[in-house]
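Have a look at start.cif; it's mmCIF, C-alpha atoms and all ligand atoms:
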data_run
loop_
_atom_site.label_atom_id
_atom_site.label_comp_id
_atom_site.auth_asym_id
_atom_site.auth_seq_id
_atom_site.Cartn_x
_atom_site.Cartn_y
_atom_site.Cartn_z
CA MET A 1 0.00 0.00 0.00
CA THR A 2 1.27 3.50 -0.83
CA ALA A 3 2.57 5.38 2.21
CA LEU A 4 0.50 8.48 2.93
CA ALA A 5 3.62 10.66 3.00
CA ASP A 6 4.24 9.60 -0.61
CA ILE A 7 0.88 11.04 -1.56
CA TYR A 8 1.17 14.35 0.24
CA THR A 9 4.78 14.99 -0.73
CA ARG A 10 4.47 14.04 -4.40
CA LEU A 11 2.36 15.87 -6.91
CA PRO A 12 0.37 13.89 -9.49
CA ASP A 13 2.46 15.77 -12.08
CA SER A 14 5.96 17.10 -11.67
CA ILE A 15 6.81 20.75 -11.18
CA ASP A 16 10.54 20.07 -11.24
CA ASP A 17 10.89 21.32 -14.81
CA LEU A 18 9.70 24.82 -13.93
CA PRO A 19 12.38 27.51 -14.06
CA SER A 20 13.71 28.39 -10.64
CA PRO A 21 13.49 31.13 -9.64
CA PRO A 22 10.42 31.83 -11.80
CA SER A 23 10.00 35.13 -13.61
CA ALA A 24 7.81 37.77 -11.97
CA GLU A 25 5.47 37.47 -14.95
CA ALA A 26 5.08 33.69 -14.51
CA VAL A 27 4.30 34.18 -10.82
CA GLU A 28 1.71 36.82 -11.59
CA GLN A 29 0.06 34.70 -14.29
CA ALA A 30 -0.09 31.67 -12.01
CA ASP A 31 -1.71 33.80 -9.32
CA TYR A 32 -4.33 35.05 -11.80
CA ARG A 33 -5.03 31.53 -13.04
CA ALA A 34 -5.47 30.30 -9.47
CA ARG A 35 -8.27 32.83 -8.95
CA HIS A 36 -10.10 32.71 -12.28
CA TRP A 37 -11.42 29.59 -13.89
CA SER A 38 -14.28 28.50 -16.13
CA SER A 39 -14.99 25.15 -17.70
CA SER A 40 -15.05 24.90 -21.49
CA ILE A 41 -17.79 22.26 -21.17
CA PRO A 42 -21.03 23.85 -22.42
CA GLY A 43 -24.38 23.64 -20.64
CA PRO A 44 -25.31 22.95 -17.05
CA LEU A 45 -23.00 20.94 -14.80
CA ARG A 46 -25.34 18.59 -12.97
CA PRO A 47 -23.79 16.92 -9.89
CA GLY A 48 -23.39 13.22 -10.62
CA SER A 49 -22.84 13.76 -14.34
CA PRO A 50 -19.46 12.97 -15.93
CA GLU A 51 -19.30 16.62 -17.07
CA HIS A 52 -19.61 17.92 -13.52
CA LYS A 53 -16.98 15.50 -12.24
CA ARG A 54 -14.58 16.46 -15.02
CA ALA A 55 -15.14 20.18 -14.48
CA MET A 56 -14.46 19.79 -10.74
CA ALA A 57 -11.18 17.96 -11.36
CA ASP A 58 -10.16 20.36 -14.16
CA MET A 59 -10.84 23.32 -11.90
CA PHE A 60 -8.61 21.96 -9.18
CA ARG A 61 -5.76 21.02 -11.51
CA GLU A 62 -5.85 24.13 -13.68
CA THR A 63 -6.05 26.58 -10.77
CA PHE A 64 -3.07 24.95 -9.08
CA ASN A 65 -0.33 27.49 -8.37
CA PRO A 66 3.11 25.85 -8.52
CA TYR A 67 4.89 28.91 -7.11
CA ARG A 68 2.85 30.19 -4.20
CA PRO A 69 2.60 29.97 -1.26
CA SER A 70 6.28 29.37 -0.76
CA VAL A 71 8.80 29.45 2.02
CA ILE A 72 10.51 32.82 1.98
CA ASP A 73 13.38 34.38 3.84
CA TRP A 74 11.17 35.75 6.55
CA PRO A 75 11.85 39.43 7.10
CA LYS A 76 13.34 40.62 10.35
CA LEU A 77 10.54 42.22 12.32
CA GLU A 78 10.55 45.27 14.53
CA PRO A 79 10.18 44.26 18.20
CA ASP A 80 6.54 45.46 18.26
CA ALA A 81 5.55 43.55 15.15
CA LEU A 82 7.43 40.47 16.30
CA LYS A 83 5.62 40.49 19.63
CA ARG A 84 2.24 40.86 17.91
CA VAL A 85 2.92 37.96 15.57
CA THR A 86 4.44 35.59 18.11
CA SER A 87 1.77 36.19 20.75
CA LEU A 88 -1.15 35.32 18.46
CA PRO A 89 -2.81 32.18 19.86
CA ILE A 90 -3.23 30.59 16.43
CA TRP A 91 0.06 28.94 15.51
CA ASP A 92 -0.28 25.59 17.30
CA ILE A 93 -3.73 24.93 16.00
CA ALA A 94 -2.86 26.16 12.50
CA VAL A 95 0.19 23.86 12.14
CA GLN A 96 -1.66 20.88 13.59
CA THR A 97 -4.72 21.48 11.43
CA GLU A 98 -2.60 21.41 8.27
CA GLY A 99 -0.81 18.28 9.53
CA LYS A 100 -4.10 16.49 10.11
CA ALA A 101 -5.57 17.70 6.84
CA ARG A 102 -2.66 16.44 4.70
CA LEU A 103 -2.86 13.01 6.35
CA ARG A 104 -6.63 12.66 6.12
CA MET A 105 -6.80 13.83 2.53
CA ALA A 106 -3.98 11.52 1.52
CA ALA A 107 -5.74 8.62 3.27
CA TYR A 108 -8.96 9.36 1.41
CA ALA A 109 -7.18 9.84 -1.93
CA ARG A 110 -5.44 6.49 -1.49
CA MET A 111 -8.68 4.53 -1.34
CA ILE A 112 -10.30 6.19 -4.35
CA ASP A 113 -10.32 4.50 -7.77
CA ASP A 114 -11.78 7.30 -9.87
CA PRO A 115 -8.75 8.97 -11.53
CA ASP A 116 -10.27 12.49 -11.61
CA ILE A 117 -11.22 12.54 -7.95
CA LYS A 118 -8.01 10.80 -6.92
CA ASP A 119 -5.96 13.44 -8.74
CA ALA A 120 -7.84 16.32 -7.11
CA ILE A 121 -7.75 15.01 -3.54
CA SER A 122 -4.09 13.89 -3.78
CA ARG A 123 -3.21 17.38 -4.95
CA ASN A 124 -5.25 18.84 -2.11
CA ALA A 125 -3.20 16.73 0.34
CA TRP A 126 0.00 18.02 -1.28
CA GLU A 127 -1.19 21.61 -0.89
CA GLU A 128 -1.96 21.03 2.81
CA ASN A 129 1.56 19.73 3.21
CA ARG A 130 2.89 22.88 1.56
CA HIS A 131 0.81 24.99 3.98
CA LYS A 132 2.28 23.06 6.88
CA GLU A 133 5.83 23.59 5.63
CA VAL A 134 5.31 27.32 5.20
CA LEU A 135 3.81 27.66 8.68
CA THR A 136 6.45 25.46 10.33
CA ARG A 137 9.30 27.50 8.82
CA LEU A 138 7.64 30.74 9.88
CA VAL A 139 7.25 29.49 13.44
CA GLU A 140 10.93 28.49 13.50
CA ALA A 141 12.10 31.76 11.96
CA TYR A 142 10.35 33.88 14.57
CA GLY A 143 11.03 31.59 17.52
CA ILE A 144 7.34 31.15 18.27
CA GLU A 145 6.91 28.85 21.24
CA MET A 146 4.89 25.81 20.31
CA ALA A 147 3.30 22.99 22.23
CA PRO A 148 4.75 19.68 21.02
CA GLU A 149 2.83 18.37 18.02
CA PRO A 150 0.76 15.32 18.83
CA PRO A 151 1.49 12.24 16.72
CA TYR A 152 -0.44 12.25 13.46
CA ILE A 153 -2.31 8.98 13.39
CA GLU A 154 -3.71 7.46 10.21
CA PRO A 155 -7.49 7.52 10.47
CA THR A 156 -9.30 4.21 10.84
CA ASP A 157 -12.57 5.52 9.40
CA VAL A 158 -11.10 7.30 6.40
CA GLU A 159 -14.39 8.68 5.08
CA TRP A 160 -15.32 10.08 8.49
CA ALA A 161 -11.93 11.79 8.82
CA TYR A 162 -12.21 13.27 5.34
CA LEU A 163 -15.70 14.60 6.08
CA VAL A 164 -14.54 16.14 9.38
CA THR A 165 -11.63 17.87 7.65
CA GLY A 166 -13.75 18.99 4.69
CA PHE A 167 -16.58 20.45 6.74
CA SER A 168 -14.27 22.14 9.24
CA GLU A 169 -12.32 23.71 6.37
CA CYS A 170 -15.61 25.09 5.05
CA VAL A 171 -16.39 26.77 8.36
CA ASP A 172 -12.86 27.80 9.34
CA SER A 173 -11.99 29.23 5.92
CA PHE A 174 -15.12 31.37 5.85
CA PHE A 175 -14.17 33.09 9.11
CA ALA A 176 -10.46 33.09 8.26
CA PHE A 177 -11.24 35.11 5.10
CA GLY A 178 -12.69 37.85 7.31
CA MET A 179 -9.91 37.58 9.87
CA PHE A 180 -7.26 37.85 7.18
CA ARG A 181 -8.87 41.01 5.82
CA VAL A 182 -8.87 42.54 9.29
CA ALA A 183 -5.18 41.67 9.74
CA GLN A 184 -4.42 43.14 6.34
CA THR A 185 -6.23 46.45 6.75
CA SER A 186 -5.17 47.00 10.35
CA GLY A 187 -1.50 46.56 9.41
CA PHE A 188 -1.26 43.86 12.06
CA PHE A 189 0.93 41.65 9.88
CA PRO A 190 3.92 43.03 7.99
CA ALA A 191 3.44 43.14 4.22
CA GLU A 192 5.66 40.12 3.51
CA LEU A 193 3.54 37.93 5.75
CA ILE A 194 0.33 39.14 4.15
CA GLU A 195 1.80 38.40 0.73
CA THR A 196 2.77 34.88 1.81
CA PHE A 197 -0.56 34.02 3.41
CA GLU A 198 -2.81 35.55 0.75
CA PRO A 199 -2.32 32.55 -1.59
CA VAL A 200 -2.86 30.19 1.37
CA MET A 201 -6.29 31.79 1.86
CA GLN A 202 -7.10 31.44 -1.83
CA GLU A 203 -6.03 27.81 -1.79
CA GLU A 204 -8.39 27.16 1.09
CA CYS A 205 -11.11 28.73 -1.04
CA ARG A 206 -10.30 26.24 -3.83
CA HIS A 207 -10.26 23.42 -1.30
CA ILE A 208 -13.74 24.14 -0.04
CA LEU A 209 -14.97 24.67 -3.60
CA LEU A 210 -13.67 21.19 -4.37
CA PHE A 211 -15.19 19.75 -1.20
CA ALA A 212 -18.66 21.21 -1.85
CA ASN A 213 -18.65 19.78 -5.39
CA TRP A 214 -17.17 16.45 -4.31
CA LEU A 215 -19.93 16.15 -1.70
CA ALA A 216 -22.68 16.86 -4.24
CA TRP A 217 -21.12 14.41 -6.70
CA TYR A 218 -20.68 11.74 -4.02
CA ARG A 219 -24.28 12.04 -2.92
CA ALA A 220 -25.53 11.90 -6.49
CA VAL A 221 -23.63 8.75 -7.48
CA MET A 222 -24.17 6.92 -4.18
CA PRO A 223 -26.54 3.92 -4.30
CA ALA A 224 -29.86 4.91 -2.68
CA TRP A 225 -29.57 2.30 0.07
CA LYS A 226 -26.32 3.81 1.32
CA ARG A 227 -27.66 7.31 1.48
CA PRO A 228 -29.50 7.28 4.86
CA TRP A 229 -26.39 5.92 6.61
CA PHE A 230 -24.24 8.56 4.92
CA GLU A 231 -26.57 11.40 5.94
CA MET A 232 -26.50 10.15 9.54
CA LYS A 233 -22.73 10.25 9.33
CA VAL A 234 -22.81 13.84 8.02
CA LEU A 235 -25.05 14.85 10.93
CA ALA A 236 -22.69 13.12 13.35
CA VAL A 237 -19.76 15.04 11.82
CA TRP A 238 -21.58 18.31 12.45
CA GLY A 239 -22.39 17.20 15.98
CA PHE A 240 -18.72 16.46 16.52
CA LEU A 241 -17.61 19.81 15.09
CA ILE A 242 -20.06 21.73 17.25
CA TYR A 243 -19.06 19.74 20.32
CA GLU A 244 -15.38 20.33 19.57
CA ARG A 245 -15.87 24.06 19.34
CA LEU A 246 -18.31 24.48 22.22
CA GLY A 247 -16.27 22.10 24.33
CA LEU A 248 -13.23 24.30 23.96
CA VAL A 249 -15.14 27.46 24.69
CA ARG A 250 -16.30 25.91 27.97
CA SER A 251 -12.79 24.94 28.95
CA VAL A 252 -11.66 28.52 28.45
CA ASP A 253 -14.44 29.74 30.72
CA ALA A 254 -13.79 27.18 33.43
CA ASP A 255 -10.13 27.84 34.08
CA GLY A 256 -10.16 31.44 32.98
CA GLU A 257 -7.27 30.97 30.61
CA GLU A 258 -7.03 30.98 26.89
CA HIS A 259 -6.72 27.46 25.62
CA ALA A 260 -3.72 26.79 23.38
CA GLN A 261 -5.86 24.60 21.10
CA ASP A 262 -8.65 27.07 20.52
CA ASN A 263 -10.62 25.77 17.54
CA ASN A 264 -12.49 29.06 17.40
CA PHE A 265 -9.26 30.82 16.65
CA THR A 266 -10.52 32.50 13.49
CA VAL A 267 -13.07 34.40 15.55
CA THR A 268 -11.16 34.93 18.80
CA GLY A 269 -7.90 35.74 16.99
CA THR A 270 -9.57 38.56 15.07
CA LYS A 271 -10.00 40.64 18.21
CA ASP A 272 -6.25 40.59 18.72
CA MET A 273 -5.57 41.84 15.25
CA THR A 274 -7.00 45.28 15.27
CA SER A 275 -7.39 48.25 17.50
CA GLN A 276 -10.57 49.08 15.58
CA ASP A 277 -13.72 48.28 17.44
CA ILE A 278 -15.12 45.48 15.32
CA THR A 279 -18.56 44.30 16.31
CA LEU A 280 -19.85 40.81 15.65
CA ALA A 281 -22.14 42.23 12.97
CA ASP A 282 -19.22 43.99 11.24
CA PHE A 283 -17.21 40.80 11.28
CA MET A 284 -20.01 38.64 9.86
CA GLN A 285 -20.59 41.18 7.10
CA LEU A 286 -16.87 41.26 6.31
CA CYS A 287 -16.67 37.45 6.14
CA LEU A 288 -19.62 37.37 3.72
CA THR A 289 -18.07 40.05 1.49
CA GLU A 290 -14.67 38.36 1.46
CA ASN A 291 -16.18 34.95 0.85
CA ALA A 292 -18.10 36.27 -2.17
CA ARG A 293 -15.00 38.03 -3.49
CA ARG A 294 -12.78 34.96 -3.26
CA PHE A 295 -15.30 32.73 -5.03
CA SER A 296 -16.24 35.30 -7.67
CA GLY A 297 -13.62 34.23 -10.23
CA TYR A 298 -14.75 30.60 -10.46
CA ASP A 299 -17.29 29.09 -12.83
CA PRO A 300 -20.71 29.90 -11.33
CA ARG A 301 -21.94 26.44 -12.36
CA LEU A 302 -19.77 24.86 -9.68
CA LEU A 303 -21.46 24.70 -6.27
CA ARG A 304 -20.29 26.82 -3.34
CA PRO A 305 -20.29 25.83 0.34
CA ARG A 306 -23.45 27.31 1.82
CA LEU A 307 -23.59 26.50 5.51
CA ALA A 308 -21.12 28.99 6.99
CA PRO A 309 -22.45 31.92 4.89
CA ASN A 310 -25.98 30.97 5.96
CA ILE A 311 -24.93 30.91 9.62
CA ALA A 312 -23.43 34.39 9.17
CA ARG A 313 -26.60 35.65 7.46
CA THR A 314 -28.72 34.24 10.28
CA ILE A 315 -26.53 35.91 12.91
CA LEU A 316 -26.77 39.20 11.00
CA PHE A 317 -30.55 38.83 10.76
CA VAL A 318 -30.87 38.25 14.51
CA LEU A 319 -28.51 41.13 15.30
CA ARG A 320 -30.54 43.43 13.04
CA LEU A 321 -33.69 42.47 14.94
CA LEU A 322 -31.84 43.51 18.09
CA GLY A 323 -30.99 46.82 16.43
CA ARG A 324 -27.32 46.00 15.91
CA LYS A 325 -26.53 46.60 12.28
CA PRO A 326 -23.04 46.29 10.87
CA HIS A 327 -21.25 49.60 10.36
CA GLU A 328 -21.61 49.77 6.61
CA LEU A 329 -18.92 52.37 6.19
CA LYS A 330 -16.35 50.66 8.33
CA ALA A 331 -16.81 47.29 6.64
CA GLY A 332 -16.79 48.98 3.22
CA ALA A 333 -13.64 50.92 4.05
CA ALA A 334 -11.87 47.76 5.16
CA VAL A 335 -12.75 46.01 1.93
CA ALA A 336 -11.83 48.92 -0.31
CA ALA A 337 -8.41 49.31 1.30
FE FE B 401 -4.44 24.22 4.46
FE FE B 402 -7.28 23.15 2.86
#
Output the file's structure as structure tokens, nothing else.
Amino acid sequence: MTALADIYTRLPDSIDDLPSPPSAEAVEQADYRARHWSSSIPGPLRPGSPEHKRAMADMFRETFNPYRPSVIDWPKLEPDALKRVTSLPIWDIAVQTEGKARLRMAAYARMIDDPDIKDAISRNAWEENRHKEVLTRLVEAYGIEMAPEPPYIEPTDVEWAYLVTGFSECVDSFFAFGMFRVAQTSGFFPAELIETFEPVMQEECRHILLFANWLAWYRAVMPAWKRPWFEMKVLAVWGFLIYERLGLVRSVDADGEEHAQDNNFTVTGTKDMTSQDITLADFMQLCLTENARRFSGYDPRLLRPRLAPNIARTILFVLRLLGRKPHELKAGAAVAA
């Protein structure tokens, strides 16, 4: 059996022939291609159809950016900036999340026979490994203190593990898009770090685009008798994710300390990133705007993840009922910057 590390460290196609270092023009073109994609297949792309499956795999392969994100010579930071970056409570969970994701995606890719889906999910595992490398090197470069990484154990229920990773990426990325924008406009991160993490954010957008379409395809081609069991599993995954997040919130409250493994880091971390007074409504609005912007370049016939945006819309709706509207100007200013 193929070792999982072989899957997440080897691309389905080689990038060794690319010129190194690449020209600025090649880097720019790859960045554009990663954000804009349409299928040449005419007509609707119905989930379950061979056309939809091909479009999903083509999207993932053709938007692949061989150059970014990449490990850079991290700039020396001013003491203030260094302190801000190193004291953020997100690094442990971020590194470990990428480590788990690469393993779980590789495990799922290994058991798939369909060449299109196998190619896409293997590549996704490779990209998670690249994220982990970038983060690990950054942590080393800035001497960020880390809790020891737990051992990464191959999942026994591979489908369950893939669903957990896929759905949590959908939720985490949605809020991370907003958090990243806050960090960018507040000047919290130095420009080099923003530049390095921007393509990581866009890759997560591609990952959840792939996951949403994989899920629709998987449901459509699944024999009817398997479906009820699968839907129970999906519900259990959501139950687990909610428990995981609420469970950690409770542990923070109980001992009065911030937990190092805060799974709600995209929301809690945002408060640390700006001196601006960002309300919950502002933040939800910003996440929705950023989410729409990041997906806007991709073929509208491919499905988008809906749950996290719907949660944000529901929160906004309730806040409006309570008379707490987002500050339109502030959110708009942040986006325009
Ligand atoms: Fe990632
Ligand atoms: Fe991802």
* Asked: Please, which residues have at least one atom within 10 Å of an atom of ligand FE 401 (chain B), using all atoms listed in the file, listed as a ChimeraX atom specification?
  -> /A:94-95,97-102,124-132,135,169,173,200-205,207
* To do: Skip Arg61 of chain A itself and residues of its chain fewer than 3 positions away, then list as a PyMOL selection string all residues within 12 Å of it, counting only C-alpha atoms.
  => chain A and resi 11-13+33-34+37+39+54-58+64-66+116-124+127+203+206-207+210
* Asked: So how far away is atom CA of Gly187 of chain A from atom CA of Asp80 of chain A, in Å?
  -> 12.0 Å
* To do: Can you pull out every residue within 7 Å of Phe177 of chain A, counting all atoms listed in the file, but drop anything in the same chain fewer than 2 positions away, and send it as a list of chain:residue names?
  => A:Ser173, A:Phe174, A:Phe175, A:Met179, A:Phe180, A:Arg181, A:Met201, A:Cys287, A:Glu290, A:Asn291
* Between A:Met59, A:Ala147, A:Ala281, A:Val164, single out the one closest to Leu321 of chain A, counting all atoms listed in the file. =>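 Of the candidates, the smallest distance to Leu321 of chain A is held by A:Ala281.
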* Could you check which of A:Tyr32, A:Phe211, A:Phe317, A:Trp74 is closest to ligand FE 402 (chain B), using only C-alpha atoms and all ligand atoms? =>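 For ligand FE 402 (chain B), the nearest of the candidates is A:Phe211.
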* To do: Point out the residue among A:Tyr298, A:Tyr162, A:Phe189, A:Tyr142 with the least atom-to-atom distance to ligand FE 402 (chain B), counting all atoms listed in the file.
  =>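 That would be A:Tyr162, the residue with the smallest distance to ligand FE 402 (chain B).
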* Enter the distance from atom CA of Tyr8 of chain A to atom CA of Leu103 of chain A, in Å, rounded to one decimal. =>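 The value is 7.4 Å.
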* Asked: So what do you get for atom CA of Asp157 of chain A versus atom CA of Pro309 of chain A, distance-wise?
  ->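 The value is 28.5 Å.
Close contacts of Arg306 of chain A, defined as residues with an atom at most 12 Å away when counting all atoms listed in the file, with chain neighbours fewer than 6 positions off set aside, comprise Phe167, Cys170, Val171, Phe174, Ile208, Leu209, Phe211, Ala212, Asn213, Leu288, Asn291, Ala292, Phe295, Ala312 and Arg313 of chain A.
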Using the atoms already present, construct N, CA and C atoms for segment 83-95 of chain A and hand them back as an mmCIF file, in the frame of the given file.
data_model
loop_
_atom_site.group_PDB
_atom_site.id
_atom_site.type_symbol
_atom_site.label_atom_id
_atom_site.label_comp_id
_atom_site.auth_asym_id
_atom_site.auth_seq_id
_atom_site.Cartn_x
_atom_site.Cartn_y
_atom_site.Cartn_z
ATOM 1 N N LYS A 83 6.400 40.868 18.448
ATOM 2 C CA LYS A 83 5.620 40.490 19.630
ATOM 3 C C LYS A 83 4.171 40.212 19.223
ATOM 4 N N ARG A 84 3.635 41.056 18.358
ATOM 5 C CA ARG A 84 2.240 40.860 17.910
ATOM 6 C C ARG A 84 2.092 39.501 17.233
ATOM 7 N N VAL A 85 3.024 39.196 16.335
ATOM 8 C CA VAL A 85 2.920 37.960 15.570
ATOM 9 C C VAL A 85 3.116 36.732 16.460
ATOM 10 N N THR A 86 4.143 36.794 17.318
ATOM 11 C CA THR A 86 4.440 35.590 18.110
ATOM 12 C C THR A 86 3.395 35.352 19.204
ATOM 13 N N SER A 87 2.714 36.408 19.645
ATOM 14 C CA SER A 87 1.770 36.190 20.750
ATOM 15 C C SER A 87 0.374 35.788 20.263
ATOM 16 N N LEU A 88 0.162 35.765 18.965
ATOM 17 C CA LEU A 88 -1.150 35.320 18.460
ATOM 18 C C LEU A 88 -1.396 33.855 18.863
ATOM 19 N N PRO A 89 -2.595 33.563 19.372
ATOM 20 C CA PRO A 89 -2.810 32.180 19.860
ATOM 21 C C PRO A 89 -3.220 31.218 18.747
ATOM 22 N N ILE A 90 -2.721 31.399 17.547
ATOM 23 C CA ILE A 90 -3.230 30.590 16.430
ATOM 24 C C ILE A 90 -2.218 29.592 15.884
ATOM 25 N N TRP A 91 -0.955 29.698 16.248
ATOM 26 C CA TRP A 91 0.060 28.940 15.510
ATOM 27 C C TRP A 91 -0.001 27.440 15.740
ATOM 28 N N ASP A 92 -0.192 27.034 17.015
ATOM 29 C CA ASP A 92 -0.280 25.590 17.300
ATOM 30 C C ASP A 92 -1.399 24.945 16.505
ATOM 31 N N ILE A 93 -2.569 25.552 16.631
ATOM 32 C CA ILE A 93 -3.730 24.930 16.000
ATOM 33 C C ILE A 93 -3.596 24.973 14.475
ATOM 34 N N ALA A 94 -2.997 26.044 13.953
ATOM 35 C CA ALA A 94 -2.860 26.160 12.500
ATOM 36 C C ALA A 94 -1.922 25.064 11.960
ATOM 37 N N VAL A 95 -0.767 24.890 12.607
ATOM 38 C CA VAL A 95 0.190 23.860 12.140
ATOM 39 C C VAL A 95 -0.445 22.472 12.268
#
